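The file model07.cif contains mmCIF, C-alpha atoms:
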```cif
data_data
loop_
_atom_site.label_atom_id
_atom_site.label_comp_id
_atom_site.auth_asym_id
_atom_site.auth_seq_id
_atom_site.Cartn_x
_atom_site.Cartn_y
_atom_site.Cartn_z
CA MET A 24 -54.64 -83.92 18.53
CA GLU A 25 -52.17 -81.38 19.94
CA ILE A 26 -50.90 -80.72 16.41
CA LYS A 27 -54.40 -80.04 15.06
CA ILE A 28 -55.03 -77.49 17.78
CA TYR A 29 -51.64 -75.91 17.14
CA GLU A 30 -52.48 -75.64 13.44
CA LYS A 31 -55.82 -74.06 14.33
CA VAL A 32 -54.14 -71.49 16.59
CA MET A 33 -51.55 -70.71 13.91
CA SER A 34 -54.12 -70.34 11.13
CA ALA A 35 -56.22 -68.00 13.34
CA ASN A 36 -53.04 -65.98 14.00
CA ASP A 37 -52.12 -65.91 10.31
CA ALA A 38 -55.62 -64.73 9.29
CA ILE A 39 -55.31 -61.72 11.64
CA ALA A 40 -51.70 -61.12 10.54
CA SER A 41 -52.99 -60.95 6.99
CA GLU A 42 -55.58 -58.32 8.03
CA ILE A 43 -52.81 -56.33 9.74
CA ARG A 44 -50.70 -56.51 6.59
CA LYS A 45 -53.58 -55.10 4.50
CA LEU A 46 -54.19 -52.30 7.04
CA LEU A 47 -50.51 -51.33 7.10
CA SER A 48 -50.20 -51.47 3.34
CA ALA A 49 -53.34 -49.30 2.90
CA ASN A 50 -51.66 -46.70 5.14
CA ASN A 51 -48.26 -47.10 3.50
CA ILE A 52 -46.67 -48.17 6.79
CA ILE A 53 -43.69 -50.48 7.22
CA ALA A 54 -43.80 -52.71 10.34
CA LEU A 55 -40.63 -54.10 11.90
CA ASN A 56 -40.88 -56.89 14.49
CA VAL A 57 -37.94 -56.49 16.91
CA ILE A 58 -36.99 -59.76 18.63
CA GLY A 59 -34.28 -60.64 21.15
CA SER A 60 -33.55 -61.91 24.67
CA PRO A 61 -34.57 -59.97 27.79
CA GLY A 62 -31.96 -57.25 28.26
CA SER A 63 -30.50 -57.45 24.75
CA GLY A 64 -31.27 -53.73 24.50
CA LYS A 65 -34.32 -53.66 22.21
CA THR A 66 -35.86 -50.59 23.90
CA THR A 67 -32.50 -48.78 24.00
CA VAL A 68 -32.09 -49.47 20.27
CA LEU A 69 -35.50 -47.87 19.65
CA GLU A 70 -34.58 -44.91 21.88
CA ALA A 71 -31.49 -44.37 19.71
CA VAL A 72 -33.09 -45.00 16.33
CA ILE A 73 -36.50 -43.27 16.45
CA PRO A 74 -35.34 -39.69 17.22
CA MET A 75 -32.72 -39.99 14.44
CA LEU A 76 -35.37 -41.19 11.95
CA LEU A 77 -37.41 -38.11 12.82
CA LYS A 78 -34.45 -35.87 11.86
CA LYS A 79 -34.28 -37.33 8.34
CA LYS A 80 -35.51 -35.20 5.43
CA PRO A 81 -38.39 -35.78 5.04
CA PRO A 82 -38.90 -36.84 8.68
CA VAL A 83 -39.70 -40.51 9.26
CA GLU A 84 -42.51 -40.77 11.83
CA SER A 85 -42.50 -43.87 14.06
CA ALA A 86 -44.76 -45.50 16.63
CA VAL A 87 -44.05 -48.47 18.87
CA ILE A 88 -46.10 -51.40 20.14
CA GLU A 89 -44.37 -52.71 23.27
CA GLY A 90 -44.80 -56.31 24.41
CA ASP A 91 -44.02 -57.43 27.97
CA LEU A 92 -45.51 -59.88 30.43
CA ALA A 93 -46.08 -57.08 32.95
CA THR A 94 -45.48 -53.35 33.58
CA ALA A 95 -45.61 -50.41 31.16
CA TYR A 96 -41.94 -49.54 31.79
CA ASP A 97 -40.84 -49.66 28.16
CA ALA A 98 -43.78 -47.64 26.79
CA GLU A 99 -43.15 -45.09 29.57
CA ARG A 100 -39.43 -44.89 28.71
CA LEU A 101 -40.26 -44.18 25.06
CA GLY A 102 -43.14 -41.87 25.97
CA SER A 103 -40.79 -39.72 28.07
CA LEU A 104 -38.81 -39.08 24.85
CA GLY A 105 -41.99 -37.98 23.06
CA ILE A 106 -42.29 -41.26 21.15
CA THR A 107 -45.79 -42.70 20.59
CA ALA A 108 -45.77 -46.09 22.32
CA VAL A 109 -48.56 -48.48 23.30
CA GLN A 110 -47.92 -51.20 25.89
CA VAL A 111 -49.37 -54.68 25.47
CA ASN A 112 -49.10 -56.98 28.52
CA THR A 113 -49.18 -60.70 27.80
CA GLY A 114 -49.61 -61.88 31.44
CA SER A 115 -47.91 -65.26 31.26
CA GLY A 116 -47.60 -65.23 27.46
CA CYS A 117 -44.08 -65.63 26.07
CA HIS A 118 -44.65 -63.80 22.76
CA LEU A 119 -46.92 -61.34 20.97
CA ASP A 120 -49.45 -62.75 18.55
CA ALA A 121 -51.39 -60.98 15.80
CA ASN A 122 -54.60 -60.85 17.84
CA LEU A 123 -52.86 -59.07 20.74
CA ILE A 124 -51.59 -56.23 18.58
CA TYR A 125 -54.51 -55.80 16.14
CA LYS A 126 -56.67 -53.58 18.38
CA PRO A 127 -53.87 -51.30 19.72
CA LEU A 128 -52.60 -50.98 16.14
CA LYS A 129 -55.98 -49.80 14.83
CA GLU A 130 -56.13 -47.16 17.56
CA LEU A 131 -52.90 -45.48 16.42
CA LEU A 132 -53.13 -42.47 14.10
CA LEU A 133 -52.02 -44.59 11.17
CA GLU A 134 -52.21 -41.80 8.58
CA LYS A 135 -49.40 -39.98 10.42
CA ILE A 136 -47.04 -42.95 10.81
CA ASN A 137 -44.33 -44.22 8.45
CA ILE A 138 -42.86 -47.04 10.52
CA ILE A 139 -44.31 -49.16 13.33
CA PHE A 140 -41.76 -50.94 15.50
CA ILE A 141 -43.20 -53.93 17.35
CA GLU A 142 -40.95 -54.71 20.31
CA ASN A 143 -41.73 -58.32 21.09
CA VAL A 144 -41.54 -60.00 24.52
CA GLY A 145 -37.90 -60.63 25.46
CA ASN A 146 -37.42 -64.20 24.28
CA LEU A 147 -35.02 -65.64 21.71
CA VAL A 148 -37.32 -68.57 20.82
CA CYS A 149 -41.11 -68.23 20.72
CA PRO A 150 -41.64 -64.77 19.12
CA SER A 151 -39.89 -65.86 15.92
CA GLN A 152 -42.68 -68.41 15.27
CA PHE A 153 -45.57 -65.91 15.06
CA ASP A 154 -46.37 -63.72 12.07
CA LEU A 155 -47.57 -60.30 13.27
CA GLY A 156 -48.17 -58.91 9.77
CA GLU A 157 -44.73 -57.27 9.85
CA ASN A 158 -42.56 -56.56 6.81
CA ALA A 159 -39.41 -57.82 8.47
CA LYS A 160 -38.13 -59.38 11.68
CA ILE A 161 -35.07 -57.74 13.25
CA ALA A 162 -32.94 -59.87 15.60
CA VAL A 163 -31.21 -57.97 18.41
CA LEU A 164 -28.43 -59.78 20.26
CA SER A 165 -26.06 -58.22 22.77
CA VAL A 166 -22.34 -58.87 23.21
CA SER A 167 -22.93 -59.82 26.84
CA GLU A 168 -25.08 -62.81 25.79
CA GLY A 169 -22.10 -64.61 24.24
CA ASP A 170 -20.93 -65.48 20.74
CA ASP A 171 -22.59 -68.93 20.61
CA LYS A 172 -26.22 -67.81 20.64
CA ALA A 173 -27.00 -67.99 16.90
CA ALA A 174 -25.93 -71.64 16.75
CA LYS A 175 -27.77 -72.51 19.96
CA TYR A 176 -30.98 -70.60 19.09
CA PRO A 177 -31.06 -70.77 15.28
CA LEU A 178 -34.85 -70.22 14.78
CA LEU A 179 -34.81 -66.43 14.90
CA PHE A 180 -31.70 -66.11 12.72
CA ARG A 181 -33.38 -68.23 10.02
CA VAL A 182 -36.37 -65.89 9.69
CA ALA A 183 -34.85 -62.46 10.46
CA SER A 184 -33.96 -59.98 7.72
CA CYS A 185 -31.20 -58.41 9.76
CA VAL A 186 -29.19 -58.94 12.94
CA VAL A 187 -28.22 -56.05 15.18
CA LEU A 188 -25.30 -56.98 17.44
CA ASN A 189 -25.77 -54.50 20.29
CA LYS A 190 -23.59 -53.38 23.24
CA ILE A 191 -20.33 -53.46 21.25
CA ASP A 192 -19.04 -50.97 23.85
CA LEU A 193 -18.81 -54.03 26.16
CA LEU A 194 -16.45 -55.93 23.80
CA PRO A 195 -13.33 -54.96 25.83
CA TYR A 196 -14.89 -56.51 28.96
CA SER A 197 -16.03 -59.78 27.39
CA ASN A 198 -14.57 -62.72 25.51
CA PHE A 199 -17.09 -62.36 22.67
CA ASN A 200 -15.54 -63.53 19.39
CA LYS A 201 -17.17 -61.55 16.58
CA GLU A 202 -15.82 -63.81 13.82
CA ARG A 203 -17.32 -66.87 15.53
CA PHE A 204 -20.69 -65.17 16.01
CA TRP A 205 -21.03 -63.81 12.46
CA GLY A 206 -19.75 -67.08 11.00
CA GLN A 207 -22.53 -68.97 12.79
CA VAL A 208 -25.15 -66.37 11.77
CA ARG A 209 -24.16 -66.54 8.08
CA LYS A 210 -24.12 -70.34 8.15
CA ILE A 211 -27.75 -70.29 9.29
CA ASN A 212 -28.81 -67.46 6.96
CA PRO A 213 -26.32 -66.38 4.28
CA ASN A 214 -28.57 -63.50 3.10
CA ILE A 215 -29.00 -61.79 6.45
CA THR A 216 -27.86 -58.17 6.86
CA CYS A 217 -25.50 -57.55 9.81
CA PHE A 218 -24.93 -54.52 12.02
CA GLU A 219 -22.68 -53.87 15.00
CA ILE A 220 -23.90 -51.06 17.22
CA SER A 221 -23.86 -49.58 20.68
CA ALA A 222 -27.31 -48.13 21.25
CA ALA A 223 -25.87 -46.67 24.49
CA ASN A 224 -23.15 -44.54 22.85
CA GLY A 225 -24.51 -44.30 19.29
CA GLU A 226 -21.73 -46.23 17.54
CA GLY A 227 -22.94 -47.88 14.33
CA VAL A 228 -26.52 -46.62 14.71
CA GLU A 229 -26.38 -44.42 11.58
CA GLU A 230 -25.71 -47.42 9.31
CA PHE A 231 -28.62 -49.32 10.82
CA ILE A 232 -30.88 -46.30 10.27
CA ASN A 233 -29.78 -46.05 6.63
CA TRP A 234 -30.78 -49.70 6.18
CA ILE A 235 -34.20 -49.02 7.74
CA CYS A 236 -34.75 -46.03 5.42
CA LYS A 237 -33.67 -48.00 2.36
CA TYR A 238 -35.84 -50.94 3.43
CA LYS A 239 -38.77 -48.55 3.84
CA MET A 240 -38.27 -47.07 0.35
CA CYS A 241 -38.03 -50.50 -1.26
CA ASN A 242 -41.12 -51.84 0.50
CA GLU A 243 -43.61 -49.03 0.40
CA LYS A 244 -46.11 -48.81 -2.40
CA MET B 16 -60.80 -76.43 23.69
CA GLU B 17 -57.25 -75.05 23.78
CA ILE B 18 -57.39 -75.03 27.57
CA LYS B 19 -58.40 -78.68 27.78
CA ILE B 20 -55.48 -79.71 25.62
CA TYR B 21 -53.12 -77.53 27.65
CA GLU B 22 -54.36 -79.20 30.84
CA LYS B 23 -53.80 -82.59 29.23
CA VAL B 24 -50.24 -81.66 28.28
CA MET B 25 -49.56 -80.33 31.76
CA SER B 26 -50.99 -83.36 33.56
CA ALA B 27 -48.91 -85.68 31.33
CA ASN B 28 -45.85 -83.58 32.22
CA ASP B 29 -46.68 -83.62 35.91
CA ALA B 30 -47.13 -87.41 35.95
CA ILE B 31 -43.61 -87.88 34.55
CA ALA B 32 -42.24 -85.19 36.89
CA SER B 33 -43.68 -87.18 39.76
CA GLU B 34 -41.87 -90.31 38.51
CA ILE B 35 -38.64 -88.33 38.29
CA ARG B 36 -39.13 -87.06 41.83
CA LYS B 37 -39.53 -90.66 43.10
CA LEU B 38 -36.44 -91.81 41.20
CA LEU B 39 -34.33 -88.93 42.57
CA SER B 40 -35.58 -89.44 46.09
CA ALA B 41 -34.86 -93.18 45.94
CA ASN B 42 -31.27 -92.31 45.01
CA ASN B 43 -31.02 -89.48 47.54
CA ILE B 44 -30.36 -86.93 44.80
CA ILE B 45 -31.26 -83.23 44.88
CA ALA B 46 -32.24 -81.74 41.50
CA LEU B 47 -31.91 -78.01 40.80
CA ASN B 48 -33.60 -76.52 37.74
CA VAL B 49 -31.47 -73.57 36.56
CA ILE B 50 -33.48 -71.01 34.58
CA GLY B 51 -32.52 -67.71 32.96
CA SER B 52 -32.22 -65.77 29.71
CA PRO B 53 -29.85 -66.77 26.93
CA GLY B 54 -26.42 -65.49 27.92
CA SER B 55 -27.25 -64.88 31.59
CA GLY B 56 -24.31 -67.17 32.37
CA LYS B 57 -26.03 -70.38 33.48
CA THR B 58 -23.28 -72.64 32.10
CA THR B 59 -20.53 -70.40 33.50
CA VAL B 60 -22.21 -70.58 36.92
CA LEU B 61 -22.14 -74.39 36.71
CA GLU B 62 -18.48 -74.31 35.61
CA ALA B 63 -17.69 -72.27 38.74
CA VAL B 64 -19.89 -74.18 41.18
CA ILE B 65 -19.46 -77.86 40.34
CA PRO B 66 -15.66 -78.16 40.79
CA MET B 67 -15.96 -76.34 44.14
CA LEU B 68 -18.73 -78.71 45.29
CA LEU B 69 -16.41 -81.59 44.48
CA LYS B 70 -13.76 -80.12 46.82
CA LYS B 71 -16.14 -80.14 49.80
CA LYS B 72 -15.62 -82.73 52.55
CA PRO B 73 -17.25 -85.12 51.83
CA PRO B 74 -17.14 -84.34 48.09
CA VAL B 75 -20.48 -83.41 46.49
CA GLU B 76 -20.78 -85.21 43.15
CA SER B 77 -22.78 -83.44 40.44
CA ALA B 78 -24.11 -84.19 36.97
CA VAL B 79 -25.77 -81.87 34.49
CA ILE B 80 -28.63 -82.19 32.02
CA GLU B 81 -28.18 -79.44 29.43
CA GLY B 82 -31.15 -78.09 27.45
CA ASP B 83 -30.70 -76.16 24.20
CA LEU B 84 -32.56 -75.91 20.91
CA ALA B 85 -29.45 -77.00 19.03
CA THR B 86 -25.73 -77.89 19.45
CA ALA B 87 -23.98 -79.76 22.26
CA TYR B 88 -21.78 -76.74 23.06
CA ASP B 89 -22.72 -76.52 26.74
CA ALA B 90 -22.35 -80.25 27.49
CA GLU B 91 -18.99 -80.14 25.70
CA ARG B 92 -17.85 -77.12 27.75
CA LEU B 93 -18.69 -78.94 30.99
CA GLY B 94 -17.31 -82.25 29.70
CA SER B 95 -13.95 -80.60 29.02
CA LEU B 96 -13.78 -79.83 32.77
CA GLY B 97 -14.45 -83.48 33.61
CA ILE B 98 -18.08 -82.80 34.56
CA THR B 99 -20.69 -85.41 33.62
CA ALA B 100 -23.12 -83.62 31.29
CA VAL B 101 -25.83 -84.88 28.95
CA GLN B 102 -27.16 -82.64 26.20
CA VAL B 103 -30.88 -82.57 25.33
CA ASN B 104 -31.81 -80.70 22.11
CA THR B 105 -35.37 -79.39 21.95
CA GLY B 106 -35.36 -78.48 18.22
CA SER B 107 -37.84 -75.62 18.19
CA GLY B 108 -38.94 -76.17 21.81
CA CYS B 109 -38.59 -73.19 24.14
CA HIS B 110 -38.24 -75.20 27.40
CA LEU B 111 -37.41 -78.61 28.82
CA ASP B 112 -40.31 -80.80 29.90
CA ALA B 113 -40.29 -83.84 32.19
CA ASN B 114 -40.56 -86.27 29.28
CA LEU B 115 -37.47 -84.83 27.58
CA ILE B 116 -35.24 -85.36 30.60
CA TYR B 117 -36.62 -88.65 31.96
CA LYS B 118 -34.65 -90.97 29.67
CA PRO B 119 -31.27 -89.14 29.88
CA LEU B 120 -31.73 -88.95 33.64
CA LYS B 121 -32.25 -92.71 33.98
CA GLU B 122 -29.06 -93.33 32.00
CA LEU B 123 -26.89 -91.43 34.49
CA LEU B 124 -25.06 -93.39 37.21
CA LEU B 125 -27.54 -92.17 39.80
CA GLU B 126 -25.98 -94.05 42.71
CA LYS B 127 -22.82 -91.93 42.33
CA ILE B 128 -24.55 -88.54 42.11
CA ASN B 129 -25.55 -86.13 44.91
CA ILE B 130 -26.87 -83.20 42.87
CA ILE B 131 -28.29 -83.00 39.36
CA PHE B 132 -28.31 -79.55 37.80
CA ILE B 133 -30.81 -79.19 34.99
CA GLU B 134 -29.78 -76.24 32.85
CA ASN B 135 -32.97 -75.24 31.08
CA VAL B 136 -33.28 -73.64 27.63
CA GLY B 137 -32.30 -69.96 27.81
CA ASN B 138 -35.69 -68.31 28.29
CA LEU B 139 -37.01 -66.15 31.13
CA VAL B 140 -40.65 -67.16 30.57
CA CYS B 141 -41.65 -70.68 29.47
CA PRO B 142 -39.30 -72.92 31.53
CA SER B 143 -40.74 -71.63 34.81
CA GLN B 144 -44.13 -73.18 33.93
CA PHE B 145 -42.94 -76.80 33.72
CA ASP B 146 -42.25 -79.07 36.67
CA LEU B 147 -39.25 -81.30 35.92
CA GLY B 148 -39.37 -83.14 39.23
CA GLU B 149 -36.75 -80.77 40.66
CA ASN B 150 -36.39 -79.81 44.33
CA ALA B 151 -35.91 -76.14 43.54
CA LYS B 152 -35.80 -73.68 40.67
CA ILE B 153 -32.82 -71.32 40.59
CA ALA B 154 -33.21 -68.05 38.68
CA VAL B 155 -30.04 -66.68 37.07
CA LEU B 156 -30.10 -63.08 35.90
CA SER B 157 -27.11 -61.07 34.71
CA VAL B 158 -26.29 -57.43 35.39
CA SER B 159 -26.13 -56.76 31.65
CA GLU B 160 -29.83 -57.64 31.26
CA GLY B 161 -30.94 -54.60 33.26
CA ASP B 162 -32.48 -53.97 36.67
CA ASP B 163 -36.12 -54.02 35.50
CA LYS B 164 -36.34 -57.69 34.54
CA ALA B 165 -37.99 -59.13 37.66
CA ALA B 166 -40.91 -56.70 37.37
CA LYS B 167 -41.23 -57.27 33.62
CA TYR B 168 -40.90 -61.09 33.78
CA PRO B 169 -42.33 -61.93 37.22
CA LEU B 170 -43.27 -65.60 36.56
CA LEU B 171 -39.87 -67.10 37.28
CA PHE B 172 -39.26 -64.99 40.37
CA ARG B 173 -42.58 -66.17 41.84
CA VAL B 174 -41.61 -69.86 41.67
CA ALA B 175 -37.83 -69.76 42.19
CA SER B 176 -36.24 -70.60 45.56
CA CYS B 177 -33.26 -68.37 44.93
CA VAL B 178 -32.01 -65.69 42.56
CA VAL B 179 -28.40 -65.54 41.44
CA LEU B 180 -27.51 -62.10 40.12
CA ASN B 181 -24.53 -62.91 37.89
CA LYS B 182 -21.86 -60.80 36.14
CA ILE B 183 -21.50 -58.32 39.01
CA ASP B 184 -18.00 -57.66 37.59
CA LEU B 185 -19.87 -55.68 34.90
CA LEU B 186 -21.54 -53.32 37.41
CA PRO B 187 -18.99 -50.52 36.80
CA TYR B 188 -19.82 -50.58 33.07
CA SER B 189 -23.61 -50.59 33.42
CA ASN B 190 -26.38 -48.46 34.94
CA PHE B 191 -27.80 -51.47 36.84
CA ASN B 192 -29.40 -50.30 40.09
CA LYS B 193 -29.12 -53.17 42.58
CA GLU B 194 -31.57 -51.65 45.07
CA ARG B 195 -34.22 -51.33 42.35
CA PHE B 196 -33.66 -54.92 41.18
CA TRP B 197 -33.75 -56.56 44.62
CA GLY B 198 -36.70 -54.39 45.67
CA GLN B 199 -38.72 -55.67 42.71
CA VAL B 200 -37.62 -59.27 43.36
CA ARG B 201 -38.66 -59.15 47.03
CA LYS B 202 -41.98 -57.50 46.14
CA ILE B 203 -42.77 -60.50 43.91
CA ASN B 204 -41.39 -63.10 46.31
CA PRO B 205 -40.47 -61.95 49.84
CA ASN B 206 -39.06 -65.37 50.80
CA ILE B 207 -36.60 -65.75 47.95
CA THR B 208 -32.89 -66.13 48.75
CA CYS B 209 -30.59 -63.68 46.95
CA PHE B 210 -26.98 -63.95 45.76
CA GLU B 211 -24.68 -61.59 43.90
CA ILE B 212 -21.89 -63.34 42.08
CA SER B 213 -19.43 -63.16 39.24
CA ALA B 214 -19.11 -66.68 37.89
CA ALA B 215 -16.28 -65.33 35.70
CA ASN B 216 -14.02 -64.15 38.56
CA GLY B 217 -15.44 -66.23 41.44
CA GLU B 218 -16.78 -63.36 43.54
CA GLY B 219 -19.69 -64.44 45.75
CA VAL B 220 -19.66 -68.05 44.50
CA GLU B 221 -18.70 -69.50 47.90
CA GLU B 222 -21.88 -68.17 49.55
CA PHE B 223 -24.04 -69.63 46.78
CA ILE B 224 -22.29 -72.99 47.22
CA ASN B 225 -22.90 -72.91 50.97
CA TRP B 226 -26.62 -72.39 50.27
CA ILE B 227 -26.62 -75.34 47.86
CA CYS B 228 -24.93 -77.59 50.45
CA LYS B 229 -27.33 -76.47 53.18
CA TYR B 230 -30.31 -76.92 50.85
CA LYS B 231 -29.03 -80.41 50.02
CA MET B 232 -28.70 -81.35 53.70
CA CYS B 233 -32.19 -80.07 54.51
CA ASN B 234 -33.84 -81.85 51.61
CA GLU B 235 -32.20 -85.25 51.49
CA LYS B 236 -33.76 -88.15 53.27
#
```

Could you take the file, read its structure, and then write that structure out as structure tokens?
Amino acid sequence: MEIKIYEKVMSANDAIASEIRKLLSANNIIALNVIGSPGSGKTTVLEAVIPMLLKKKPPVESAVIEGDLATAYDAERLGSLGITAVQVNTGSGCHLDANLIYKPLKELLLEKINIIFIENVGNLVCPSQFDLGENAKIAVLSVSEGDDKAAKYPLLFRVASCVVLNKIDLLPYSNFNKERFWGQVRKINPNITCFEISAANGEGVEEFINWICKYKMCNEK
Amino acid sequence: MEIKIYEKVMSANDAIASEIRKLLSANNIIALNVIGSPGSGKTTVLEAVIPMLLKKKPPVESAVIEGDLATAYDAERLGSLGITAVQVNTGSGCHLDANLIYKPLKELLLEKINIIFIENVGNLVCPSQFDLGENAKIAVLSVSEGDDKAAKYPLLFRVASCVVLNKIDLLPYSNFNKERFWGQVRKINPNITCFEISAANGEGVEEFINWICKYKMCNEK
């Protein structure tokens, strides 16, 4: 009985995700679902990436849907940089689902947007199981979380298109073994694209942005 | 309909949690449910705490139930220090529930144990919603996760008996504002007990251990 209900919930989610996909495609928008633990630096990555996308020629216009249990902190942080950001609060919910983002998405000025970043609730498990109508899932993991996390939490790394290893400026103060981490990631998903960045000091961000731009070109109509 | 099923799941969980509580009480064991994000340092905290508990007079004997989606890394880490640890793999499950730990718990030599630490799946949301028959929930948060996490993920901080702020050795390399963090924690839960530690270098661990010993004395038969 539990399984039937779960299937019903998932098929309701997938029907709305499919509507979102049509809406985004009709507006020639790429959606990227950004997933990682609390404090992995998802918002800081967006703060680094979005202004640089806007400086590209032609400029790449972004908007953000922010998921958190409570507060509008992240949308406010992005808003203070002039970035369009809508906050969705899940209450006790551990992930965003398609229904939660459909309405805020429709209220954005879609004709002016090239990329929508969906920053999911900080959680390395549940968000990877819900289709939000995105083009790709991006896994963000920080050096301070430890080099064993892909093996211990393989779900996200199976379904993500790329992994951003963030906070590489903390490598000198940690015992994070990059070879171990990337070896475990590639064992789970040999086709995944890998980046090492510090969103705080900008290191490696340019290469990640180039991937986003290339991904956008390859996936728009 | 979803709510009914959820209630059914929760009441099944709570019935087993109640059995666990009886079993622990009959053996005069305190159980502590350790909850925090992936990479917050839960296992490292246990590595620091358990050998020091054993040096107390009389010695405090511990065992650990380790929850992870996959691998036995954490149980192996503790086992290599001579600590009794049982690994529970949840597959795609984002938290431990009472049913998952009941059997491994019964297989431990309960008459020789004073404290059972249950290290939950790394997740700041879901584990706080499930009673495992524990005496107290302990929230572990690391400096590298950022000072806004209690406000953004209030669930755990509402139900935890104490908060361990870990990785304080990283304070010089982060913009973590301790006053902001503790202010938000105390706003959510004014009665919560607060510790600042570095499980890596031992700073502050003694005070946390004294709390555990006092908690044990106050809660055993």

Exercise. Excluding segment 171-175 of chain B and any residue of its chain fewer than 3 positions from it, enumerate the residues within 9 Å of it, using all atoms listed in the file, and give them as a ChimeraX atom specification.
Key: /B:50-51,139-144,151-154,165-166,168,178,200-201,203-204,207-208

Practice problem: Name the residues captured by the PyMOL selection byres ((chain A and resi 67) around 10) when it is applied to the shown file; answer as JSON, numbers by chain. | Solution: {"A": [62, 63, 64, 65, 66, 68, 69, 70, 71, 72, 97, 100, 101, 189, 221, 222, 223]}

Quiz item: What is the atom CA of Ser107 of chain B-atom CA of Lys182 of chain B distance in Å, reported with one decimal?
Solution: 28.2 Å

Quiz item: What do you get, as a ChimeraX atom specification, if you spell out every residue that the PyMOL selection byres ((chain B) within 8 of (chain A)) selects here?
Solution: /B:17,20,52-56,83-86,88,107-109,137-141,159-161,164,166-170,185,188

I need the chosen residues saved as an mmCIF file, keeping the file's coordinate frame, with C-alpha atoms.
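Written file, out-v1.cif:
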```
data_model
loop_
_atom_site.group_PDB
_atom_site.id
_atom_site.type_symbol
_atom_site.label_atom_id
_atom_site.label_comp_id
_atom_site.auth_asym_id
_atom_site.auth_seq_id
_atom_site.Cartn_x
_atom_site.Cartn_y
_atom_site.Cartn_z
ATOM 1 C CA GLU B 17 -57.250 -75.050 23.780
ATOM 2 C CA ILE B 20 -55.480 -79.710 25.620
ATOM 3 C CA SER B 52 -32.220 -65.770 29.710
ATOM 4 C CA PRO B 53 -29.850 -66.770 26.930
ATOM 5 C CA GLY B 54 -26.420 -65.490 27.920
ATOM 6 C CA SER B 55 -27.250 -64.880 31.590
ATOM 7 C CA GLY B 56 -24.310 -67.170 32.370
ATOM 8 C CA ASP B 83 -30.700 -76.160 24.200
ATOM 9 C CA LEU B 84 -32.560 -75.910 20.910
ATOM 10 C CA ALA B 85 -29.450 -77.000 19.030
ATOM 11 C CA THR B 86 -25.730 -77.890 19.450
ATOM 12 C CA TYR B 88 -21.780 -76.740 23.060
ATOM 13 C CA SER B 107 -37.840 -75.620 18.190
ATOM 14 C CA GLY B 108 -38.940 -76.170 21.810
ATOM 15 C CA CYS B 109 -38.590 -73.190 24.140
ATOM 16 C CA GLY B 137 -32.300 -69.960 27.810
ATOM 17 C CA ASN B 138 -35.690 -68.310 28.290
ATOM 18 C CA LEU B 139 -37.010 -66.150 31.130
ATOM 19 C CA VAL B 140 -40.650 -67.160 30.570
ATOM 20 C CA CYS B 141 -41.650 -70.680 29.470
ATOM 21 C CA SER B 159 -26.130 -56.760 31.650
ATOM 22 C CA GLU B 160 -29.830 -57.640 31.260
ATOM 23 C CA GLY B 161 -30.940 -54.600 33.260
ATOM 24 C CA LYS B 164 -36.340 -57.690 34.540
ATOM 25 C CA ALA B 166 -40.910 -56.700 37.370
ATOM 26 C CA LYS B 167 -41.230 -57.270 33.620
ATOM 27 C CA TYR B 168 -40.900 -61.090 33.780
ATOM 28 C CA PRO B 169 -42.330 -61.930 37.220
ATOM 29 C CA LEU B 170 -43.270 -65.600 36.560
ATOM 30 C CA LEU B 185 -19.870 -55.680 34.900
ATOM 31 C CA TYR B 188 -19.820 -50.580 33.070
#
```

Exercise. Please return, as a PyMOL selection string, all polymer residues that have at least one atom within 12 Å of the point (-25.7, -81.1, 50.7); use all atoms listed in the file and the file's own coordinate frame.
Key: chain B and resi 43-46+68-69+71-77+128-131+224-236

Centre, edges in Å (one decimal): axis-aligned box, segment 108-120 of chain A, 6 Å padding on all six sides, as JSON:
```
{"center_x": -46.8, "center_y": -55.9, "center_z": 25.0, "size_x": 17.5, "size_y": 31.5, "size_z": 24.9}
```

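Among A:Leu128, A:Met75, A:Ala121, A:Val87, the residue with the shortest atom-to-atom distance to Ala108 of chain A, counting only C-alpha atoms, is A:Val87.
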
Practice problem: Identify which of the residues A:Ser34, A:Gly225, A:Leu123, A:Leu133 lies closest to Ala49 of chain A, counting only C-alpha atoms when measuring atom-to-atom distances. | Solution: A:Leu133

Practice problem: Go through the shown structure with the PyMOL selection byres ((chain A and resi 40-44) around 7) and write out the matching residues as number ranges by chain. | Solution: A: 36-39, 45-48, 121, 125, 154-157

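When only C-alpha atoms are used to measure the gap to Ile106 of chain A, the shortest distance among A:Ile220, A:Ile141, A:Ala35, A:Ile73 belongs to A:Ile73.
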